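Chemist: The structure follows.
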Amino acid sequence: MRDPIPTVTLPSGIAVPALGQGTWNMGESAAKARDEITSLKTGLDLGMTLIDTAEMYADGGSEEIVGKAIEGRRDEVFLVSKVYPANASRKGAVEACERSLRRLNTDRIDLYLLHWRGNYPLEETVEAFEGLKAAGKIEAWGVSNFDVDDIDELLSVPNGGNVAANQVLYNLGRRGIEYDLLPWCQDRSIPIMAYSPIEQGRLLHHPELIRIAKTYQATPAQIALAFLLERDGVISIPKSSNAQRVEENRDSIDVDMTDEDWAILDAAFPPPSRKKSLEML
């Protein structure tokens with residue numbers, strides 16, 4: 001019997017899985033749609049009920065894939081989507097959200113994120129998000145690709161303190177946020193969503209990661225995900241269109257490494273010793 005997936009508690013008090021599912025690059029090929037839908041359904045069956053998507057992904061095609069995967073199971077899912085910065089005006093964010101809802105075939109998005117900072121004032125975007133909340137179209141809102149100074153500014157605008165999460169690039173090879181952003185968010189109970197948790201597969205060829213994975217009869221991806229699962233307040237969202245890989249991702253929960261091996265990983269993938277600019281993909 002598998003261990004349960006640990007949870008992260010949002011500011012609202014809602015607990016969500018610390019291991020969810022990403023959908024970047026899904027919806028780009030009709031030939032792959034069936035496998036993509038199957039993989040997401042497999043993840044839901046395994047308790048990976050947080051699904052992250054965005055209007056940007058495949059120009060809405062990813063949201064359509066998600067909509068098909070969650071059909072008849074909406075109440076099981078914690079649904080996350082994101083708005084383009086170019087659409088993040090008072091009117092534009094509302095219209096973009098309504099388009100996303102249609103593609104997702106649902107009446108609500110559980111967490112709606114500003115994909116990255118654009119030209120619209122944060123105050124205007126927050127006002128739009130709060131209006132969507134009041135209308136019941138979103139349950140909560142957050143941001144993506146925000147560094148400490150960005151969130152600090154966000155907290156200074158009316159209702160900016162309602163931010164529910166910050167989605168950023170974070171994995172074994174991209175540990176810059178550990179210097180300041182991660183502890184800053186942890187201190188304020190703002191969850192971090194880690195996108196590209198295995199660096200789109202590039203991490204998996206690292207010889208030390210491969211060696212440690214063999215020690216635990218695990219895959220390198222499972223070790224990389226276990227690293228993030230060790231972090232308080234972090235939600236990782238690996239993407240896979242292969243149902244077997246989704247099962248392997250789920251089994252990262254069962255990896256129990258020694259302190260000595262964590263230290264070896266730290267030596268192979270050193271944590272930051274100084275402030276670094278927030279990395280993005």
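Chain identifiers are assigned as A, B, and so on, following the order in which chains appear in the structure tokens; residues are numbered from 1 within each chain, and ligands are numbered from 1 in order of appearance.
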Give the strand (DSSP E or B) residues of range 167-259 of chain A, as assigned by DSSP on the backbone, as a count of residues only.

Modeler: 12

Chemist: Any idea what's packed within 12 Å of Arg90 in chain A, counting only C-alpha atoms, ignoring anything in its chain fewer than 5 positions away? Could you give it as a CSV table (one decimal) with C-alpha atoms, in the first residue's frame?

Modeler:
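Saved file selection38.csv follows:
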chain,number,residue,atom,x,y,z
A,85,PRO,CA,0.4,39.3,-18.2
A,95,GLU,CA,-12.4,37.8,-20.0
A,96,ALA,CA,-9.3,35.6,-20.0
A,97,CYS,CA,-10.7,33.7,-17.0
A,120,TYR,CA,-0.4,46.4,-15.9
A,121,PRO,CA,-0.1,47.7,-12.3
A,122,LEU,CA,-0.4,45.0,-9.7
A,123,GLU,CA,-3.2,46.9,-8.0
A,124,GLU,CA,-5.3,46.6,-11.2
A,125,THR,CA,-4.7,42.8,-11.6
A,126,VAL,CA,-5.5,42.2,-7.9
A,127,GLU,CA,-8.7,44.1,-8.3
A,128,ALA,CA,-9.6,41.9,-11.2
A,129,PHE,CA,-8.8,38.8,-9.3
A,130,GLU,CA,-10.8,39.9,-6.3
A,131,GLY,CA,-13.7,40.5,-8.6
A,132,LEU,CA,-13.4,37.0,-10.0

Chemist: Any idea what's packed within 10 Å of Glu247 in chain A, counting only C-alpha atoms, ignoring anything in its chain fewer than 5 positions away? Could you give it as number ranges by chain?

Modeler: A: 39, 42-43, 45-46, 48, 240, 242, 252

Chemist: Write the residues you've just listed into a file as an mmCIF file, in the first residue's frame, and include C-alpha atoms for each of them.

Modeler:
data_model
loop_
_atom_site.group_PDB
_atom_site.id
_atom_site.type_symbol
_atom_site.label_atom_id
_atom_site.label_comp_id
_atom_site.auth_asym_id
_atom_site.auth_seq_id
_atom_site.Cartn_x
_atom_site.Cartn_y
_atom_site.Cartn_z
ATOM 1 C CA SER A 39 -1.791 10.189 -17.811
ATOM 2 C CA THR A 42 -3.892 8.075 -13.801
ATOM 3 C CA GLY A 43 -2.485 10.822 -11.607
ATOM 4 C CA ASP A 45 -6.442 7.894 -9.439
ATOM 5 C CA LEU A 46 -3.161 8.002 -7.491
ATOM 6 C CA MET A 48 -2.159 13.664 -7.513
ATOM 7 C CA SER A 240 4.266 13.475 -17.940
ATOM 8 C CA ASN A 242 3.141 8.580 -19.914
ATOM 9 C CA SER A 252 8.740 9.307 -5.066
#

Chemist: Would you mind listing what lies within 8 Å of Phe78 in chain A as a ChimeraX atom specification, with only C-alpha atoms counted and same-chain residues fewer than 3 positions away left out?

Modeler: /A:16,49-51,75,110-111

Chemist: For the residues selected in the previous step, produce a file with N, CA and C atoms as a PDB file, in the first residue's frame.

Modeler:
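Done, and the output landed in again-v2.pdb:
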ATOM      1  N   VAL A  16      -3.692  20.895   0.007  1.00  0.00           N
ATOM      2  CA  VAL A  16      -3.564  20.359  -1.356  1.00  0.00           C
ATOM      3  C   VAL A  16      -2.360  19.417  -1.408  1.00  0.00           C
ATOM      4  N   THR A  49      -4.059  15.095  -7.245  1.00  0.00           N
ATOM      5  CA  THR A  49      -5.289  15.758  -7.674  1.00  0.00           C
ATOM      6  C   THR A  49      -5.132  17.243  -7.942  1.00  0.00           C
ATOM      7  N   LEU A  50      -3.946  17.793  -7.736  1.00  0.00           N
ATOM      8  CA  LEU A  50      -3.679  19.181  -8.131  1.00  0.00           C
ATOM      9  C   LEU A  50      -3.154  19.164  -9.559  1.00  0.00           C
ATOM     10  N   ILE A  51      -3.847  19.836 -10.461  1.00  0.00           N
ATOM     11  CA  ILE A  51      -3.430  19.922 -11.860  1.00  0.00           C
ATOM     12  C   ILE A  51      -3.205  21.390 -12.208  1.00  0.00           C
ATOM     13  N   ASP A  75     -14.958  17.614  -8.784  1.00  0.00           N
ATOM     14  CA  ASP A  75     -14.886  17.848  -7.345  1.00  0.00           C
ATOM     15  C   ASP A  75     -13.686  17.174  -6.688  1.00  0.00           C
ATOM     16  N   ASP A 110      -9.737  26.808  -9.036  1.00  0.00           N
ATOM     17  CA  ASP A 110      -9.426  26.857  -7.608  1.00  0.00           C
ATOM     18  C   ASP A 110      -8.313  27.854  -7.283  1.00  0.00           C
ATOM     19  N   LEU A 111      -7.354  27.983  -8.185  1.00  0.00           N
ATOM     20  CA  LEU A 111      -6.248  28.922  -7.966  1.00  0.00           C
ATOM     21  C   LEU A 111      -5.863  29.515  -9.315  1.00  0.00           C
TER      22      LEU A 111
END

Chemist: I'd like to know which of A:Val66, A:Ala18, A:Leu203, A:Met193 is closest to Ile177 in chain A, using only C-alpha atoms.

Modeler: A:Met193

Chemist: Point out the residue among A:Leu172, A:Trp116, A:Thr219, A:Glu98 with the least atom-to-atom distance to Arg250 in chain A, counting only C-alpha atoms.

Modeler: A:Thr219

Chemist: Using only C-alpha atoms, which protein or nucleic acid residues come within 9 Å of Asn145 in chain A? Drop anything in the same chain fewer than 6 positions from it, and give the result as a list in words.

Modeler: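 Near Asn145 in chain A, the qualifying residues are Leu114, His115, Trp116, Arg117, Asn166, Gln167, Val168, Leu169, Leu278, Glu279 and Met280 of chain A.
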
Chemist: Need to verify the contact set: Pro220 in chain A, 10 Å, only C-alpha atoms, exclusion of same-chain residues closer than 3 positions in sequence. Can you return it as an MDAnalysis selection string?

Modeler: chainID A and resid 198 201 203:214 216:217 223:226 252

Chemist: Could you write out the selected residues, including N, CA, C and O atoms, as a PDB file, in the first residue's frame?

Modeler:
ATOM      1  N   ILE A 198      12.051  18.450 -12.577  1.00  0.00           N
ATOM      2  CA  ILE A 198      13.176  17.621 -13.038  1.00  0.00           C
ATOM      3  C   ILE A 198      13.863  18.277 -14.244  1.00  0.00           C
ATOM      4  O   ILE A 198      14.548  17.616 -15.013  1.00  0.00           O
ATOM      5  N   GLY A 201      13.686  16.947 -17.727  1.00  0.00           N
ATOM      6  CA  GLY A 201      14.454  15.733 -17.957  1.00  0.00           C
ATOM      7  C   GLY A 201      15.959  15.898 -17.937  1.00  0.00           C
ATOM      8  O   GLY A 201      16.706  14.909 -17.847  1.00  0.00           O
ATOM      9  N   LEU A 203      17.978  17.023 -15.699  1.00  0.00           N
ATOM     10  CA  LEU A 203      18.619  16.624 -14.436  1.00  0.00           C
ATOM     11  C   LEU A 203      18.931  15.139 -14.397  1.00  0.00           C
ATOM     12  O   LEU A 203      19.852  14.710 -13.695  1.00  0.00           O
ATOM     13  N   LEU A 204      18.167  14.369 -15.114  1.00  0.00           N
ATOM     14  CA  LEU A 204      18.171  12.924 -14.929  1.00  0.00           C
ATOM     15  C   LEU A 204      19.449  12.253 -15.412  1.00  0.00           C
ATOM     16  O   LEU A 204      19.663  11.068 -15.164  1.00  0.00           O
ATOM     17  N   HIS A 205      20.315  12.990 -16.094  1.00  0.00           N
ATOM     18  CA  HIS A 205      21.560  12.416 -16.611  1.00  0.00           C
ATOM     19  C   HIS A 205      22.750  12.709 -15.706  1.00  0.00           C
ATOM     20  O   HIS A 205      23.875  12.317 -16.026  1.00  0.00           O
ATOM     21  N   HIS A 206      22.502  13.375 -14.585  1.00  0.00           N
ATOM     22  CA  HIS A 206      23.606  13.716 -13.684  1.00  0.00           C
ATOM     23  C   HIS A 206      24.116  12.434 -13.020  1.00  0.00           C
ATOM     24  O   HIS A 206      23.365  11.693 -12.397  1.00  0.00           O
ATOM     25  N   PRO A 207      25.438  12.173 -13.112  1.00  0.00           N
ATOM     26  CA  PRO A 207      25.961  10.887 -12.616  1.00  0.00           C
ATOM     27  C   PRO A 207      25.734  10.652 -11.126  1.00  0.00           C
ATOM     28  O   PRO A 207      25.457   9.511 -10.721  1.00  0.00           O
ATOM     29  N   GLU A 208      25.825  11.691 -10.310  1.00  0.00           N
ATOM     30  CA  GLU A 208      25.622  11.503  -8.871  1.00  0.00           C
ATOM     31  C   GLU A 208      24.161  11.180  -8.554  1.00  0.00           C
ATOM     32  O   GLU A 208      23.862  10.358  -7.680  1.00  0.00           O
ATOM     33  N   LEU A 209      23.265  11.826  -9.291  1.00  0.00           N
ATOM     34  CA  LEU A 209      21.840  11.547  -9.101  1.00  0.00           C
ATOM     35  C   LEU A 209      21.522  10.111  -9.514  1.00  0.00           C
ATOM     36  O   LEU A 209      20.766   9.404  -8.835  1.00  0.00           O
ATOM     37  N   ILE A 210      22.120   9.680 -10.608  1.00  0.00           N
ATOM     38  CA  ILE A 210      21.927   8.300 -11.070  1.00  0.00           C
ATOM     39  C   ILE A 210      22.468   7.312 -10.041  1.00  0.00           C
ATOM     40  O   ILE A 210      21.828   6.308  -9.712  1.00  0.00           O
ATOM     41  N   ARG A 211      23.642   7.609  -9.485  1.00  0.00           N
ATOM     42  CA  ARG A 211      24.256   6.696  -8.512  1.00  0.00           C
ATOM     43  C   ARG A 211      23.390   6.561  -7.254  1.00  0.00           C
ATOM     44  O   ARG A 211      23.141   5.449  -6.766  1.00  0.00           O
ATOM     45  N   ILE A 212      22.919   7.697  -6.733  1.00  0.00           N
ATOM     46  CA  ILE A 212      22.093   7.656  -5.531  1.00  0.00           C
ATOM     47  C   ILE A 212      20.770   6.955  -5.813  1.00  0.00           C
ATOM     48  O   ILE A 212      20.270   6.177  -4.988  1.00  0.00           O
ATOM     49  N   ALA A 213      20.206   7.198  -6.982  1.00  0.00           N
ATOM     50  CA  ALA A 213      18.947   6.546  -7.336  1.00  0.00           C
ATOM     51  C   ALA A 213      19.106   5.029  -7.322  1.00  0.00           C
ATOM     52  O   ALA A 213      18.242   4.305  -6.791  1.00  0.00           O
ATOM     53  N   LYS A 214      20.209   4.529  -7.857  1.00  0.00           N
ATOM     54  CA  LYS A 214      20.447   3.081  -7.869  1.00  0.00           C
ATOM     55  C   LYS A 214      20.539   2.534  -6.446  1.00  0.00           C
ATOM     56  O   LYS A 214      20.058   1.432  -6.161  1.00  0.00           O
ATOM     57  N   TYR A 216      18.909   3.400  -3.929  1.00  0.00           N
ATOM     58  CA  TYR A 216      17.570   3.275  -3.349  1.00  0.00           C
ATOM     59  C   TYR A 216      16.596   2.524  -4.263  1.00  0.00           C
ATOM     60  O   TYR A 216      15.395   2.538  -4.016  1.00  0.00           O
ATOM     61  N   GLN A 217      17.137   1.915  -5.309  1.00  0.00           N
ATOM     62  CA  GLN A 217      16.300   1.217  -6.294  1.00  0.00           C
ATOM     63  C   GLN A 217      15.179   2.145  -6.770  1.00  0.00           C
ATOM     64  O   GLN A 217      14.013   1.749  -6.893  1.00  0.00           O
ATOM     65  N   ILE A 223      14.225  10.641  -7.095  1.00  0.00           N
ATOM     66  CA  ILE A 223      15.107  11.315  -6.131  1.00  0.00           C
ATOM     67  C   ILE A 223      14.941  12.827  -6.242  1.00  0.00           C
ATOM     68  O   ILE A 223      14.871  13.538  -5.229  1.00  0.00           O
ATOM     69  N   ALA A 224      14.850  13.332  -7.477  1.00  0.00           N
ATOM     70  CA  ALA A 224      14.677  14.781  -7.675  1.00  0.00           C
ATOM     71  C   ALA A 224      13.361  15.263  -7.070  1.00  0.00           C
ATOM     72  O   ALA A 224      13.299  16.354  -6.478  1.00  0.00           O
ATOM     73  N   LEU A 225      12.316  14.474  -7.204  1.00  0.00           N
ATOM     74  CA  LEU A 225      11.028  14.846  -6.614  1.00  0.00           C
ATOM     75  C   LEU A 225      11.057  14.703  -5.096  1.00  0.00           C
ATOM     76  O   LEU A 225      10.480  15.529  -4.375  1.00  0.00           O
ATOM     77  N   ALA A 226      11.746  13.678  -4.600  1.00  0.00           N
ATOM     78  CA  ALA A 226      11.865  13.502  -3.154  1.00  0.00           C
ATOM     79  C   ALA A 226      12.564  14.697  -2.515  1.00  0.00           C
ATOM     80  O   ALA A 226      12.228  15.102  -1.393  1.00  0.00           O
ATOM     81  N   SER A 252       7.678   8.507  -5.699  1.00  0.00           N
ATOM     82  CA  SER A 252       8.740   9.307  -5.066  1.00  0.00           C
ATOM     83  C   SER A 252       8.417   9.575  -3.601  1.00  0.00           C
ATOM     84  O   SER A 252       9.309   9.845  -2.795  1.00  0.00           O
TER      85      SER A 252
END

Chemist: Which is closest to Val143 in chain A among A:Arg73, A:Lys41, A:Lys68, A:Lys82, if we use only C-alpha atoms?

Modeler: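 Ranked by minimum distance to Val143 in chain A, first place goes to A:Lys82.
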
Chemist: Among range 80-175 of chain A, which ones does DSSP assign to helix (DSSP H, G or I) (computed from the backbone)? Answer as a PyMOL selection string.

Modeler: chain A and resi 85-87+90-104+122-134+148-155+160-162

Chemist: Rounded to one decimal in Å, what is the spacing between CA of Val255 in chain A and CA of Glu178 in chain A?

Modeler: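 Those two atoms sit 21.9 Å apart.
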
Chemist: If I take CA of Lys32 in chain A and CA of Ser144 in chain A, how far is one from the other in Å, to one decimal?

Modeler: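 Atom-to-atom, CA of Lys32 in chain A and CA of Ser144 in chain A are spaced 27.3 Å apart.
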
Chemist: Could you check which of A:Arg34, A:Phe227, A:Lys275, A:Ile235 is closest to Asp261 in chain A, using only C-alpha atoms?

Modeler: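 That would be A:Phe227, the residue with the smallest distance to Asp261 in chain A.
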
Chemist: Can you tell me how far CA of Thr53 in chain A sits from CA of Gln21 in chain A, in Å to one decimal?

Modeler: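 Result for CA of Thr53 in chain A versus CA of Gln21 in chain A: 8.9 Å, one decimal.
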
Chemist: For Ile190 in chain A, which of A:Asp107, A:Asp149, A:Asp35, A:Asp232 is the closest residue, counting only C-alpha atoms?

Modeler: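 Closest to Ile190 in chain A of all the choices is A:Asp232.
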
Chemist: Can you tell me, as a PyMOL selection string, what residues are no more than 10 Å from Asn25 in chain A when counting only C-alpha atoms, ignoring any on the same chain fewer than 6 positions away?

Modeler: chain A and resi 53+56-58+61-62+239-241

Chemist: Keeping only N, CA and C atoms, take the residues you just selected and write them out as a compact mmCIF listing (two decimals), in the first residue's frame.

Modeler:
# COMPACT_ATOMS: atom_id res chain seq x y z
N THR A 53 -2.25 24.25 -15.14
CA THR A 53 -2.26 24.54 -16.58
C THR A 53 -2.18 26.05 -16.77
N MET A 56 -1.62 30.07 -21.72
CA MET A 56 -0.50 30.14 -22.64
C MET A 56 -0.17 28.78 -23.25
N TYR A 57 -0.33 27.72 -22.49
CA TYR A 57 0.10 26.40 -22.95
C TYR A 57 -0.73 25.96 -24.15
N ALA A 58 -0.02 25.79 -25.27
CA ALA A 58 -0.66 25.37 -26.53
C ALA A 58 -1.84 26.27 -26.89
N GLY A 61 -4.84 24.90 -25.65
CA GLY A 61 -5.00 23.47 -25.91
C GLY A 61 -4.78 22.62 -24.66
N SER A 62 -3.86 23.04 -23.81
CA SER A 62 -3.61 22.31 -22.56
C SER A 62 -4.84 22.34 -21.67
N LYS A 239 5.38 17.08 -15.04
CA LYS A 239 4.51 16.82 -16.18
C LYS A 239 4.94 15.52 -16.85
N SER A 240 3.97 14.67 -17.16
CA SER A 240 4.27 13.47 -17.94
C SER A 240 3.04 13.09 -18.75
N SER A 241 3.30 12.65 -19.98
CA SER A 241 2.22 12.14 -20.84
C SER A 241 2.24 10.63 -20.89
